[in-house]
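Q: Next comes the structure file structure.pdb, holding PDB, C-alpha atoms and all ligand atoms.
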```
ATOM      1  CA  MET Q 994      -2.420  15.838 -13.297
ATOM      2  CA  PHE Q 995      -5.554  15.873 -15.376
ATOM      3  CA  ALA Q 996      -8.139  18.590 -15.527
ATOM      4  CA  PHE Q 997     -11.878  18.957 -15.462
ATOM      5  CA  ALA Q 998     -14.000  22.050 -15.329
ATOM      6  CA  GLY Q 999     -16.034  22.596 -12.195
ATOM      7  CA  TRP Q1000     -16.478  24.522  -9.007
ATOM      8  CA  HIS Q1001     -14.330  24.262  -5.999
ATOM      9  CA  PRO Q1002     -13.788  26.802  -3.276
ATOM     10  CA  PHE Q1003     -10.119  27.437  -3.942
ATOM     11  CA  CYS Q1004     -10.332  27.872  -7.670
ATOM     12  CA  TYR Q1005     -13.445  29.691  -8.856
ATOM     13  CA  HIS Q1006     -14.401  29.247 -12.517
ATOM     14  CA  GLN Q1007     -11.128  27.562 -13.443
ATOM     15  CA  ALA Q1008     -10.476  24.070 -14.714
ATOM     16  CA  MET Q1009      -9.595  21.965 -11.683
ATOM     17  CA  THR Q1010      -6.644  19.623 -11.841
ATOM     18  CA  VAL Q1011      -6.980  16.189 -10.269
ATOM     19  CA  THR Q1012      -3.798  14.735  -8.832
ATOM     20  CA  PRO Q1013      -3.333  10.946  -8.680
ATOM     21  CA  VAL Q1014      -2.068  10.044  -5.213
ATOM     22  CA  LEU Q1015      -1.035   7.019  -3.188
ATOM     23  CA  LEU Q1016      -1.159   7.193   0.603
ATOM     24  CA  ASP Q1017       1.263   5.138   2.675
ATOM     25  CA  VAL Q1018      -0.107   5.119   6.230
ATOM     26  CA  ASP Q1019       0.119   3.665   9.758
ATOM     27  CA  PRO Q1020      -3.331   4.485  11.224
ATOM     28  CA  GLY Q1021      -3.230   6.060  13.832
ATOM     29  CA  HIS Q1022      -5.928   8.688  14.549
ATOM     30  CA  ASP Q1023      -4.394  11.412  12.395
ATOM     31  CA  ASP Q1024      -3.685   8.944   9.561
ATOM     32  CA  ALA Q1025      -7.380   8.040   9.637
ATOM     33  CA  VAL Q1026      -8.337  11.703   9.265
ATOM     34  CA  ALA Q1027      -5.760  12.080   6.476
ATOM     35  CA  LEU Q1028      -7.268   9.119   4.610
ATOM     36  CA  MET Q1029     -10.776  10.531   4.851
ATOM     37  CA  LEU Q1030      -9.630  13.991   3.806
ATOM     38  CA  ALA Q1031      -7.889  12.535   0.739
ATOM     39  CA  CYS Q1032     -10.920  10.472  -0.259
ATOM     40  CA  GLY Q1033     -13.265  13.452   0.100
ATOM     41  CA  ALA Q1034     -11.119  15.948  -1.780
ATOM     42  CA  PRO Q1035     -12.258  16.343  -5.388
ATOM     43  CA  GLU Q1036      -8.747  17.551  -6.286
ATOM     44  CA  LEU Q1037      -7.274  14.096  -5.545
ATOM     45  CA  ALA Q1038      -7.738  10.650  -7.063
ATOM     46  CA  VAL Q1039      -6.674   8.091  -4.446
ATOM     47  CA  ARG Q1040      -5.233   5.237  -6.526
ATOM     48  CA  ALA Q1041      -4.140   2.995  -3.626
ATOM     49  CA  VAL Q1042      -3.440   2.892   0.080
ATOM     50  CA  THR Q1043      -0.470   1.017   1.508
ATOM     51  CA  THR Q1044       0.161   0.265   5.155
ATOM     52  CA  VAL Q1045       3.279   0.146   7.258
ATOM     53  CA  ALA Q1046       4.084  -0.747  10.849
ATOM     54  CA  GLY Q1047       4.448   2.380  12.967
ATOM     55  CA  ASN Q1048       1.931   3.657  15.481
ATOM     56  CA  VAL Q1049       0.948   0.012  16.054
ATOM     57  CA  PRO Q1050       2.081  -3.246  14.432
ATOM     58  CA  LEU Q1051       1.261  -3.918  10.778
ATOM     59  CA  ASP Q1052      -1.752  -6.202  11.286
ATOM     60  CA  LYS Q1053      -3.450  -3.400  13.215
ATOM     61  CA  THR Q1054      -2.501  -0.519  10.885
ATOM     62  CA  THR Q1055      -3.799  -2.590   7.967
ATOM     63  CA  ARG Q1056      -7.051  -3.473   9.695
ATOM     64  CA  ASN Q1057      -7.513   0.171  10.669
ATOM     65  CA  ALA Q1058      -6.992   1.351   7.085
ATOM     66  CA  LEU Q1059      -9.567  -1.189   5.840
ATOM     67  CA  GLN Q1060     -12.041  -0.110   8.529
ATOM     68  CA  VAL Q1061     -11.689   3.581   7.693
ATOM     69  CA  LEU Q1062     -12.125   2.993   3.953
ATOM     70  CA  SER Q1063     -15.114   0.708   4.658
ATOM     71  CA  LEU Q1064     -16.685   3.406   6.815
ATOM     72  CA  ILE Q1065     -16.622   5.864   3.923
ATOM     73  CA  GLY Q1066     -17.657   3.309   1.298
ATOM     74  CA  ARG Q1067     -14.334   3.249  -0.576
ATOM     75  CA  GLU Q1068     -13.882  -0.511  -0.981
ATOM     76  CA  ASP Q1069     -12.769   0.276  -4.545
ATOM     77  CA  ILE Q1070      -9.388   1.530  -3.301
ATOM     78  CA  PRO Q1071      -6.836  -1.304  -3.184
ATOM     79  CA  VAL Q1072      -5.031  -1.659   0.136
ATOM     80  CA  GLY Q1073      -1.588  -3.293   0.171
ATOM     81  CA  ALA Q1074       0.069  -4.412   3.400
ATOM     82  CA  GLY Q1075       3.733  -3.494   3.668
ATOM     83  CA  ALA Q1076       6.659  -3.697   6.043
ATOM     84  CA  GLU Q1077       6.306  -5.281   9.473
ATOM     85  CA  ALA Q1078       9.507  -3.690  10.725
ATOM     86  CA  PRO Q1079      11.910  -0.873   9.865
ATOM     87  CA  LEU Q1080      14.793  -1.549   7.461
ATOM     88  CA  ALA Q1081      17.476  -2.048  10.084
ATOM     89  CA  ARG Q1082      15.952  -1.740  13.550
ATOM     90  CA  ALA Q1083      13.356  -3.124  15.901
ATOM     91  CA  LEU Q1084       9.912  -1.550  15.596
ATOM     92  CA  ARG Q1085       9.023   1.200  18.068
ATOM     93  CA  THR Q1086       5.255   1.783  18.345
ATOM     94  CA  ALA Q1087       3.109   4.551  19.881
ATOM     95  CA  GLU Q1088       0.284   2.931  21.870
ATOM     96  CA  ASP Q1089       0.780   5.681  24.451
ATOM     97  CA  VAL Q1090      -0.677   8.130  21.930
ATOM     98  CA  HIS Q1091      -3.004   5.956  19.806
ATOM     99  CA  GLY Q1092      -4.072   3.184  22.207
ATOM    100  CA  GLU Q1093      -3.719  -0.592  21.812
ATOM    101  CA  SER Q1094      -5.721  -0.790  18.572
ATOM    102  CA  GLY Q1095      -4.148   2.308  17.033
ATOM    103  CA  LEU Q1096      -7.627   3.825  16.793
ATOM    104  CA  ASP Q1097      -8.812   3.608  20.388
ATOM    105  CA  GLY Q1098     -11.796   5.782  21.270
ATOM    106  CA  VAL Q1099     -13.863   5.101  18.144
ATOM    107  CA  LYS Q1100     -15.929   2.006  17.433
ATOM    108  CA  LEU Q1101     -15.596   1.197  13.774
ATOM    109  CA  ALA Q1102     -17.464  -1.674  12.096
ATOM    110  CA  GLU Q1103     -15.644  -4.706  10.724
ATOM    111  CA  PRO Q1104     -13.999  -4.057   7.336
ATOM    112  CA  THR Q1105     -16.233  -4.833   4.362
ATOM    113  CA  PHE Q1106     -13.301  -5.864   2.135
ATOM    114  CA  SER Q1107      -9.849  -7.320   2.455
ATOM    115  CA  ILE Q1108      -6.328  -6.525   1.405
ATOM    116  CA  ASP Q1109      -5.056  -6.718  -2.130
ATOM    117  CA  ARG Q1110      -3.100  -9.887  -2.866
ATOM    118  CA  ARG Q1111      -0.145  -7.691  -3.867
ATOM    119  CA  GLY Q1112       1.919  -6.364  -1.018
ATOM    120  CA  ALA Q1113       2.490  -2.624  -0.558
ATOM    121  CA  VAL Q1114       5.610  -2.386  -2.712
ATOM    122  CA  GLU Q1115       4.183  -4.356  -5.626
ATOM    123  CA  LEU Q1116       0.939  -2.415  -5.475
ATOM    124  CA  MET Q1117       2.863   0.861  -5.431
ATOM    125  CA  ALA Q1118       4.857  -0.277  -8.459
ATOM    126  CA  ASP Q1119       1.735  -1.273 -10.394
ATOM    127  CA  VAL Q1120      -0.049   1.976  -9.589
ATOM    128  CA  VAL Q1121       2.924   4.182 -10.479
ATOM    129  CA  GLU Q1122       3.670   2.253 -13.660
ATOM    130  CA  ALA Q1123       0.063   2.212 -14.867
ATOM    131  CA  SER Q1124      -0.645   5.891 -14.230
ATOM    132  CA  ALA Q1125      -0.910   8.144 -17.274
ATOM    133  CA  GLU Q1126       0.081  11.056 -15.035
ATOM    134  CA  PRO Q1127       2.979  11.128 -12.549
ATOM    135  CA  VAL Q1128       1.773  10.015  -9.126
ATOM    136  CA  THR Q1129       2.221  11.929  -5.871
ATOM    137  CA  LEU Q1130       3.163   9.753  -2.887
ATOM    138  CA  ILE Q1131       1.879  10.858   0.517
ATOM    139  CA  PRO Q1132       3.584   8.891   3.303
ATOM    140  CA  THR Q1133       2.298   9.576   6.803
ATOM    141  CA  GLY Q1134       4.139   6.839   8.686
ATOM    142  CA  PRO Q1135       7.697   5.503   8.844
ATOM    143  CA  LEU Q1136       9.221   5.535   5.343
ATOM    144  CA  THR Q1137      10.042   1.809   5.152
ATOM    145  CA  ASN Q1138       7.719   0.943   2.252
ATOM    146  CA  ILE Q1139       8.712   3.976   0.210
ATOM    147  CA  ALA Q1140      12.447   3.296   0.633
ATOM    148  CA  THR Q1141      11.978  -0.358  -0.334
ATOM    149  CA  PHE Q1142       9.939   0.611  -3.374
ATOM    150  CA  LEU Q1143      12.584   3.122  -4.542
ATOM    151  CA  ALA Q1144      15.337   0.528  -4.104
ATOM    152  CA  GLU Q1145      13.437  -2.218  -5.930
ATOM    153  CA  TYR Q1146      11.939  -0.140  -8.730
ATOM    154  CA  PRO Q1147      14.389   2.721  -9.481
ATOM    155  CA  ARG Q1148      13.099   2.961 -13.072
ATOM    156  CA  LEU Q1149       9.665   3.999 -11.817
ATOM    157  CA  LYS Q1150      11.008   7.152 -10.166
ATOM    158  CA  GLU Q1151      10.357   9.003 -13.384
ATOM    159  CA  ASN Q1152       6.613   8.515 -12.962
ATOM    160  CA  ILE Q1153       6.566   9.958  -9.449
ATOM    161  CA  ASP Q1154       5.688  13.626  -9.417
ATOM    162  CA  ARG Q1155       6.774  14.241  -5.831
ATOM    163  CA  ILE Q1156       6.675  12.923  -2.294
ATOM    164  CA  VAL Q1157       4.792  14.991   0.270
ATOM    165  CA  LEU Q1158       5.578  13.388   3.602
ATOM    166  CA  MET Q1159       4.564  13.967   7.180
ATOM    167  CA  GLY Q1160       7.741  13.595   9.163
ATOM    168  CA  GLY Q1161      10.720  15.340  10.656
ATOM    169  CA  SER Q1162      11.138  18.686  12.318
ATOM    170  CA  ILE Q1163      13.412  21.700  12.029
ATOM    171  CA  GLY Q1164      12.845  22.330  15.705
ATOM    172  CA  PRO Q1165      12.239  19.938  18.595
ATOM    173  CA  GLY Q1166      11.048  16.381  18.172
ATOM    174  CA  ASN Q1167       8.148  14.558  19.795
ATOM    175  CA  THR Q1168       9.693  11.125  20.373
ATOM    176  CA  THR Q1169      13.060  12.340  21.582
ATOM    177  CA  PRO Q1170      14.169  15.942  22.014
ATOM    178  CA  ALA Q1171      15.742  15.623  18.549
ATOM    179  CA  ALA Q1172      13.425  13.400  16.545
ATOM    180  CA  GLU Q1173       9.905  13.203  15.213
ATOM    181  CA  PHE Q1174       8.200   9.779  15.453
ATOM    182  CA  ASN Q1175       8.043   8.685  11.773
ATOM    183  CA  VAL Q1176      11.704   9.463  11.092
ATOM    184  CA  TYR Q1177      12.817   8.156  14.484
ATOM    185  CA  VAL Q1178      11.210   4.765  13.809
ATOM    186  CA  ASP Q1179      13.035   4.179  10.521
ATOM    187  CA  PRO Q1180      15.848   6.695   9.996
ATOM    188  CA  GLU Q1181      17.614   4.516   7.408
ATOM    189  CA  ALA Q1182      14.476   4.534   5.257
ATOM    190  CA  ALA Q1183      14.131   8.286   5.662
ATOM    191  CA  ARG Q1184      17.722   8.724   4.522
ATOM    192  CA  VAL Q1185      17.017   6.696   1.357
ATOM    193  CA  VAL Q1186      13.979   8.856   0.595
ATOM    194  CA  PHE Q1187      15.695  12.196   1.224
ATOM    195  CA  GLU Q1188      18.681  11.075  -0.886
ATOM    196  CA  SER Q1189      16.480   9.792  -3.727
ATOM    197  CA  GLY Q1190      16.703  12.903  -5.881
ATOM    198  CA  LEU Q1191      12.913  13.063  -6.068
ATOM    199  CA  ARG Q1192      11.011  16.259  -5.330
ATOM    200  CA  ILE Q1193      10.211  16.144  -1.632
ATOM    201  CA  THR Q1194       8.036  18.322   0.551
ATOM    202  CA  MET Q1195       8.738  17.769   4.237
ATOM    203  CA  VAL Q1196       5.661  18.496   6.310
ATOM    204  CA  GLY Q1197       7.206  18.348   9.762
ATOM    205  CA  LEU Q1198       6.180  19.119  13.310
ATOM    206  CA  ASP Q1199       7.004  22.802  12.758
ATOM    207  CA  VAL Q1200       3.761  23.114  10.807
ATOM    208  CA  THR Q1201       1.701  20.119  11.890
ATOM    209  CA  ARG Q1202       1.846  21.370  15.485
ATOM    210  CA  GLN Q1203      -0.134  24.364  14.206
ATOM    211  CA  ALA Q1204      -3.005  22.085  13.049
ATOM    212  CA  THR Q1205      -4.482  21.756  16.509
ATOM    213  CA  THR Q1206      -8.063  20.762  17.157
ATOM    214  CA  GLY Q1207      -9.697  22.447  20.117
ATOM    215  CA  PRO Q1208     -13.359  22.626  21.209
ATOM    216  CA  LYS Q1209     -14.250  25.037  18.375
ATOM    217  CA  GLU Q1210     -12.942  22.688  15.677
ATOM    218  CA  VAL Q1211     -14.553  19.642  17.328
ATOM    219  CA  GLU Q1212     -17.898  21.413  17.456
ATOM    220  CA  ARG Q1213     -17.660  22.267  13.749
ATOM    221  CA  LEU Q1214     -16.714  18.671  12.880
ATOM    222  CA  ARG Q1215     -19.829  17.436  14.670
ATOM    223  CA  THR Q1216     -21.976  19.436  12.257
ATOM    224  CA  LEU Q1217     -20.653  17.366   9.327
ATOM    225  CA  GLY Q1218     -22.857  14.285   9.707
ATOM    226  CA  ARG Q1219     -21.777  10.758  10.600
ATOM    227  CA  ILE Q1220     -18.239  11.070   9.205
ATOM    228  CA  GLY Q1221     -17.770  14.386  10.966
ATOM    229  CA  GLU Q1222     -18.889  12.751  14.231
ATOM    230  CA  VAL Q1223     -16.332   9.956  13.814
ATOM    231  CA  THR Q1224     -13.618  12.502  13.052
ATOM    232  CA  ALA Q1225     -14.599  14.503  16.132
ATOM    233  CA  ASP Q1226     -14.333  11.305  18.217
ATOM    234  CA  LEU Q1227     -10.917  10.553  16.701
ATOM    235  CA  VAL Q1228      -9.528  13.961  17.610
ATOM    236  CA  THR Q1229     -11.192  13.963  21.023
ATOM    237  CA  PHE Q1230      -9.560  10.644  21.939
ATOM    238  CA  SER Q1231      -6.274  12.118  20.726
ATOM    239  CA  SER Q1232      -6.708  15.127  23.022
ATOM    240  CA  ASP Q1233      -7.006  13.013  26.139
ATOM    241  CA  ASP Q1234      -3.945  10.941  25.272
ATOM    242  CA  TYR Q1235      -2.052  13.937  23.924
ATOM    243  CA  ARG Q1236      -2.425  15.729  27.236
ATOM    244  CA  LYS Q1237      -1.358  12.605  29.138
ATOM    245  CA  VAL Q1238       1.812  12.265  27.038
ATOM    246  CA  PHE Q1239       2.684  15.902  26.315
ATOM    247  CA  GLY Q1240       1.202  17.639  29.359
ATOM    248  CA  SER Q1241      -1.071  20.251  27.790
ATOM    249  CA  GLY Q1242      -2.517  21.691  24.629
ATOM    250  CA  ASP Q1243      -4.897  20.580  21.891
ATOM    251  CA  PRO Q1244      -3.801  17.639  19.728
ATOM    252  CA  PRO Q1245      -2.545  18.288  16.209
ATOM    253  CA  ILE Q1246      -3.848  16.229  13.270
ATOM    254  CA  HIS Q1247      -0.340  15.961  11.829
ATOM    255  CA  ASP Q1248      -0.951  13.665   8.872
ATOM    256  CA  ALA Q1249      -3.924  15.546   7.476
ATOM    257  CA  VAL Q1250      -1.643  18.529   6.809
ATOM    258  CA  ALA Q1251       0.408  16.547   4.269
ATOM    259  CA  VAL Q1252      -2.744  15.651   2.345
ATOM    260  CA  ALA Q1253      -4.053  19.225   2.490
ATOM    261  CA  ALA Q1254      -0.727  20.413   1.071
ATOM    262  CA  VAL Q1255      -1.337  18.326  -2.050
ATOM    263  CA  VAL Q1256      -4.917  19.581  -2.343
ATOM    264  CA  GLU Q1257      -3.738  23.189  -2.042
ATOM    265  CA  PRO Q1258       0.043  23.830  -1.908
ATOM    266  CA  ALA Q1259      -0.580  27.405  -0.689
ATOM    267  CA  VAL Q1260      -1.685  25.962   2.661
ATOM    268  CA  LEU Q1261       2.040  25.862   3.498
ATOM    269  CA  GLU Q1262       4.872  28.333   3.299
ATOM    270  CA  THR Q1263       7.976  26.320   2.381
ATOM    271  CA  HIS Q1264      11.674  26.939   1.905
ATOM    272  CA  PRO Q1265      14.138  24.814  -0.115
ATOM    273  CA  MET Q1266      16.939  23.373   1.988
ATOM    274  CA  ARG Q1267      19.259  20.437   2.493
ATOM    275  CA  VAL Q1268      17.924  17.884   4.951
ATOM    276  CA  GLU Q1269      20.202  15.138   6.282
ATOM    277  CA  ILE Q1270      19.016  12.276   8.476
ATOM    278  CA  GLU Q1271      20.911  11.233  11.595
ATOM    279  CA  CYS Q1272      21.302   7.433  11.625
ATOM    280  CA  GLU Q1273      24.485   6.939  13.612
ATOM    281  CA  SER Q1274      24.106   8.655  16.986
ATOM    282  CA  GLU Q1275      21.708   7.032  19.445
ATOM    283  CA  LEU Q1276      21.348  10.412  21.174
ATOM    284  CA  THR Q1277      19.953  12.175  18.115
ATOM    285  CA  ARG Q1278      18.728   9.166  16.094
ATOM    286  CA  GLY Q1279      16.166  10.213  13.474
ATOM    287  CA  GLU Q1280      16.890  13.928  13.681
ATOM    288  CA  THR Q1281      16.174  15.742  10.417
ATOM    289  CA  VAL Q1282      19.082  18.171  10.303
ATOM    290  CA  CYS Q1283      17.698  21.027   8.205
ATOM    291  CA  ASP Q1284      20.108  23.560   6.740
ATOM    292  CA  LEU Q1285      17.696  26.475   7.040
ATOM    293  CA  ARG Q1286      20.380  29.105   6.395
ATOM    294  CA  GLY Q1287      22.290  27.212   3.702
ATOM    295  CA  VAL Q1288      25.539  27.081   5.676
ATOM    296  CA  TRP Q1289      26.571  23.730   4.117
ATOM    297  CA  GLY Q1290      26.299  25.179   0.614
ATOM    298  CA  LYS Q1291      24.818  21.864  -0.545
ATOM    299  CA  THR Q1292      22.055  21.582  -3.127
ATOM    300  CA  PRO Q1293      18.657  21.549  -1.384
ATOM    301  CA  ASN Q1294      16.882  18.179  -1.444
ATOM    302  CA  ALA Q1295      13.531  19.213   0.034
ATOM    303  CA  GLU Q1296      11.000  21.965   0.310
ATOM    304  CA  VAL Q1297      10.551  22.206   4.050
ATOM    305  CA  ALA Q1298       7.324  23.584   5.478
ATOM    306  CA  LEU Q1299       7.714  26.590   7.767
ATOM    307  CA  GLU Q1300       4.195  27.925   8.307
ATOM    308  CA  LEU Q1301       0.641  26.626   8.053
ATOM    309  CA  ASP Q1302      -2.319  28.687   6.896
ATOM    310  CA  ARG Q1303      -4.726  27.332   9.519
ATOM    311  CA  GLU Q1304      -7.835  28.844   8.033
ATOM    312  CA  THR Q1305      -7.218  27.328   4.615
ATOM    313  CA  PHE Q1306      -6.274  23.995   6.188
ATOM    314  CA  PHE Q1307      -9.464  23.708   8.198
ATOM    315  CA  GLY Q1308     -11.472  24.954   5.208
ATOM    316  CA  ILE Q1309     -10.089  22.056   3.150
ATOM    317  CA  LEU Q1310     -10.700  19.582   5.970
ATOM    318  CA  TYR Q1311     -14.345  20.551   6.605
ATOM    319  CA  ARG Q1312     -15.118  20.799   2.899
ATOM    320  CA  SER Q1313     -13.546  17.394   2.080
ATOM    321  CA  LEU Q1314     -15.154  15.519   4.979
ATOM    322  CA  GLY Q1315     -18.469  17.086   4.019
ATOM    323  CA  GLU Q1316     -18.101  15.508   0.552
ATOM    324  CA  LEU Q1317     -17.985  11.966   1.904
ATOM    325  CA  VAL Q1318     -21.043   9.731   1.717
ATOM    326  CA  ASP Q1319     -23.083   9.742   4.889
TER
HETATM  327  C1  LIG T   1       3.461  11.258  13.434
HETATM  328  O1  LIG T   1       3.610  10.188  14.359
HETATM  329  C2  LIG T   1       2.443   9.415  14.425
HETATM  330  O2  LIG T   1       2.123   9.080  15.744
HETATM  331  C3  LIG T   1       1.362  10.223  13.758
HETATM  332  O3  LIG T   1       0.446   9.361  13.104
HETATM  333  C4  LIG T   1       2.107  11.099  12.783
HETATM  334  O4  LIG T   1       2.277  10.464  11.541
HETATM  335  C5  LIG T   1       3.658  12.557  14.171
HETATM  336  O5  LIG T   1       4.951  12.609  14.700
HETATM  337 CA    CA T   2       1.029   8.489  10.937
END
```
Is it possible to express this structure as structure tokens?

A:
Amino acid sequence: MFAFAGWHPFCYHQAMTVTPVLLDVDPGHDDAVALMLACGAPELAVRAVTTVAGNVPLDKTTRNALQVLSLIGREDIPVGAGAEAPLARALRTAEDVHGESGLDGVKLAEPTFSIDRRGAVELMADVVEASAEPVTLIPTGPLTNIATFLAEYPRLKENIDRIVLMGGSIGPGNTTPAAEFNVYVDPEAARVVFESGLRITMVGLDVTRQATTGPKEVERLRTLGRIGEVTADLVTFSSDDYRKVFGSGDPPIHDAVAVAAVVEPAVLETHPMRVEIECESELTRGETVCDLRGVWGKTPNAEVALELDRETFFGILYRSLGELVD
């Protein structure tokens, strides 16, 4: 991290540290919000965005990432397209939640730039290698690209500060009773990441389900200019689909929580524990088995999020979106 002096609401009169980050995404409504939050947060320097197949196939997640960055005028951020399919399985997508395009419900203009000639893994390697400061990876989709990168470039692990990922759950899943979507889609990749020895923060459904956007939050978003309006439309579309799929409740913006946790770690209460990924059983495929009480006696491999400070989270979200060009 590097520091500069200046004001920001969480750190009065202190030098602010700026963390270099790379987002690996599968937009997806909540990925889109996560991208915009990251780009608006003065605490983060977004060095690259990589895309992975997940919510929708890769051509669509990549196009969506380019459209979102174009919308906010961040054509300077290189976008690398990554894996079209999980490491060892057929792709499972989530059009039921995100629509056919992955970003149904909002009309975004055509992208104003195109993908980097390097693919996701090569771009990740270049960014991590070139960074003077260790880079934080923020994956908010299936972990296919990250696992491939770690396998192909093990020497670059030393320049990764930590991985703050949206995925998994201590409690119930959302894709099966046992599994959260991102880990369900590519459990083998998740296992590689959790076994990597890197510092990992697991931002799972236990906390992201607390980041719900109801009428009050939507109303506030609509006060934030054009970008706030788009964000309000993104979460409103999600609410309609969310209720169709899950029956009731306001939709959570899962992926934005992982980004907020890098902006301000105190947004989460975490606990160190061993997390193992179920890859064998079809019944519980993709379950993140979290040893909350330490009964295995194994060394913890992740800080697992237990509670979200909603007020701080939404403070970061509104503030960061408000920073974006209008
Ligand atoms: C995760 O699944 C996807 O549908 C969302 O974008 C989020 O990353 C939540 O389980
Ligand atoms: Ca996602």

Q: Could you pull the residues within 10 Å of segment 1166-1183 of chain Q, counting only C-alpha atoms, minus those fewer than 5 positions along the same chain, as number ranges by chain?

A: Q: 1019, 1046-1048, 1078-1087, 1132-1141, 1158-1161, 1188-1189, 1197-1199, 1238-1239, 1269-1273, 1276-1282

Q: Write out as AutoDock Vina command-line options an axis-aligned box for ligand LIG 1 (chain T): all of its atoms listed in the file, 3 Å added on each side, centre and edge lengths in Å with one decimal.

A:
```
--center_x 2.7 --center_y 10.8 --center_z 13.6 --size_x 10.5 --size_y 9.5 --size_z 10.2
```

Q: Using the chain letters and residue numbers of this document, give as a PyMOL selection string the residues selected by the PyMOL selection byres (((chain Q and resi 1297) around 7) and not hetatm).

A: chain Q and resi 1194-1196+1263-1266+1295-1296+1298-1299

Q: Can you pull out the residues contacting Arg1267 of chain Q? Cut-off 7 Å, using all atoms listed in the file, and skip same-chain residues under 6 positions away; I want them as a list in words.

A: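 Within the cut-off, the hits are Cys1283, Asp1284, Lys1291, Thr1292, Pro1293, Asn1294 and Ala1295 of chain Q.
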
Q: Residues of the last selection are to be written out with C-alpha atoms, as a short mmCIF file (atom, residue, chain, number, x, y, z; two decimals), in the coordinates of the input.

A:
```cif
data_model
loop_
_atom_site.label_atom_id
_atom_site.label_comp_id
_atom_site.auth_asym_id
_atom_site.auth_seq_id
_atom_site.Cartn_x
_atom_site.Cartn_y
_atom_site.Cartn_z
CA CYS Q 1283 17.70 21.03 8.20
CA ASP Q 1284 20.11 23.56 6.74
CA LYS Q 1291 24.82 21.86 -0.55
CA THR Q 1292 22.06 21.58 -3.13
CA PRO Q 1293 18.66 21.55 -1.38
CA ASN Q 1294 16.88 18.18 -1.44
CA ALA Q 1295 13.53 19.21 0.03
#
```

Q: Quick one: which residues end up in the PyMOL selection byres (((chain Q and resi 1073) around 8) and not hetatm) for this structure, as a list in words?

A: Ala1041, Val1042, Thr1043, Thr1044, Pro1071, Val1072, Ala1074, Gly1075, Ile1108, Asp1109, Arg1110, Arg1111, Gly1112, Ala1113, Val1114 and Leu1116 of chain Q

Q: Keeping C-alpha atoms for every residue in the selection just given, could you write it to a file as a compact mmCIF listing (two decimals), in the frame of the given file?

A:
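To be explicit, this is the file written out as part.txt:
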```
# COMPACT_ATOMS: atom_id res chain seq x y z
CA ALA Q 1041 -4.14 3.00 -3.63
CA VAL Q 1042 -3.44 2.89 0.08
CA THR Q 1043 -0.47 1.02 1.51
CA THR Q 1044 0.16 0.26 5.16
CA PRO Q 1071 -6.84 -1.30 -3.18
CA VAL Q 1072 -5.03 -1.66 0.14
CA ALA Q 1074 0.07 -4.41 3.40
CA GLY Q 1075 3.73 -3.49 3.67
CA ILE Q 1108 -6.33 -6.52 1.40
CA ASP Q 1109 -5.06 -6.72 -2.13
CA ARG Q 1110 -3.10 -9.89 -2.87
CA ARG Q 1111 -0.14 -7.69 -3.87
CA GLY Q 1112 1.92 -6.36 -1.02
CA ALA Q 1113 2.49 -2.62 -0.56
CA VAL Q 1114 5.61 -2.39 -2.71
CA LEU Q 1116 0.94 -2.42 -5.48
```

Q: Here is a test: counting only C-alpha atoms and all ligand atoms, which residue of Q:Lys1150, Q:His1247, Q:Arg1184, Q:Lys1100 is nearest to ligand CA 2 (chain T)?

A: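 Looking only at the distances to ligand CA 2 (chain T), the closest residue turns out to be Q:His1247.
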
Q: Taking into account all atoms listed in the file, which residue in the set Q:Val1099, Q:Ala1031, Q:Val1228, Q:Leu1051 is nearest to Ile1065 of chain Q?

A: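 Among the listed residues, the smallest separation from Ile1065 of chain Q belongs to Q:Ala1031.
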
Q: Here's the selection I'm unsure about, the PyMOL selection byres (((chain Q and resi 1059) around 8) and not hetatm); applied to the file above, which residues does it give, as a list in words?

A: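 So the PyMOL selection byres (((chain Q and resi 1059) around 8) and not hetatm) ends up selecting Thr1055, Arg1056, Asn1057, Ala1058, Gln1060, Val1061, Leu1062, Ser1063, Val1072, Pro1104, Thr1105, Phe1106, Ser1107 and Ile1108 of chain Q.
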
Q: Considering only C-alpha atoms, return as a PyMOL selection string whatever protein or nucleic-acid residues lie within 8 Å of Arg1040 of chain Q, sequence-local ones (same chain, fewer than 2 positions apart) excluded.

A: chain Q and resi 1013-1015+1038+1042+1070-1071+1120

Q: So which one's closest to Arg1215 of chain Q, Q:Glu1126, Q:Val1200, Q:Glu1145, Q:Tyr1311? Using all atoms listed in the file, please.

A: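 Counting all atoms listed in the file, the residue closest to Arg1215 of chain Q is Q:Tyr1311.
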
Q: Atom CA of Leu1191 of chain Q and atom CA of Gly1021 of chain Q, how far apart in Å?

A: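 Between atom CA of Gly1021 of chain Q and atom CA of Leu1191 of chain Q the gap is 26.6 Å.
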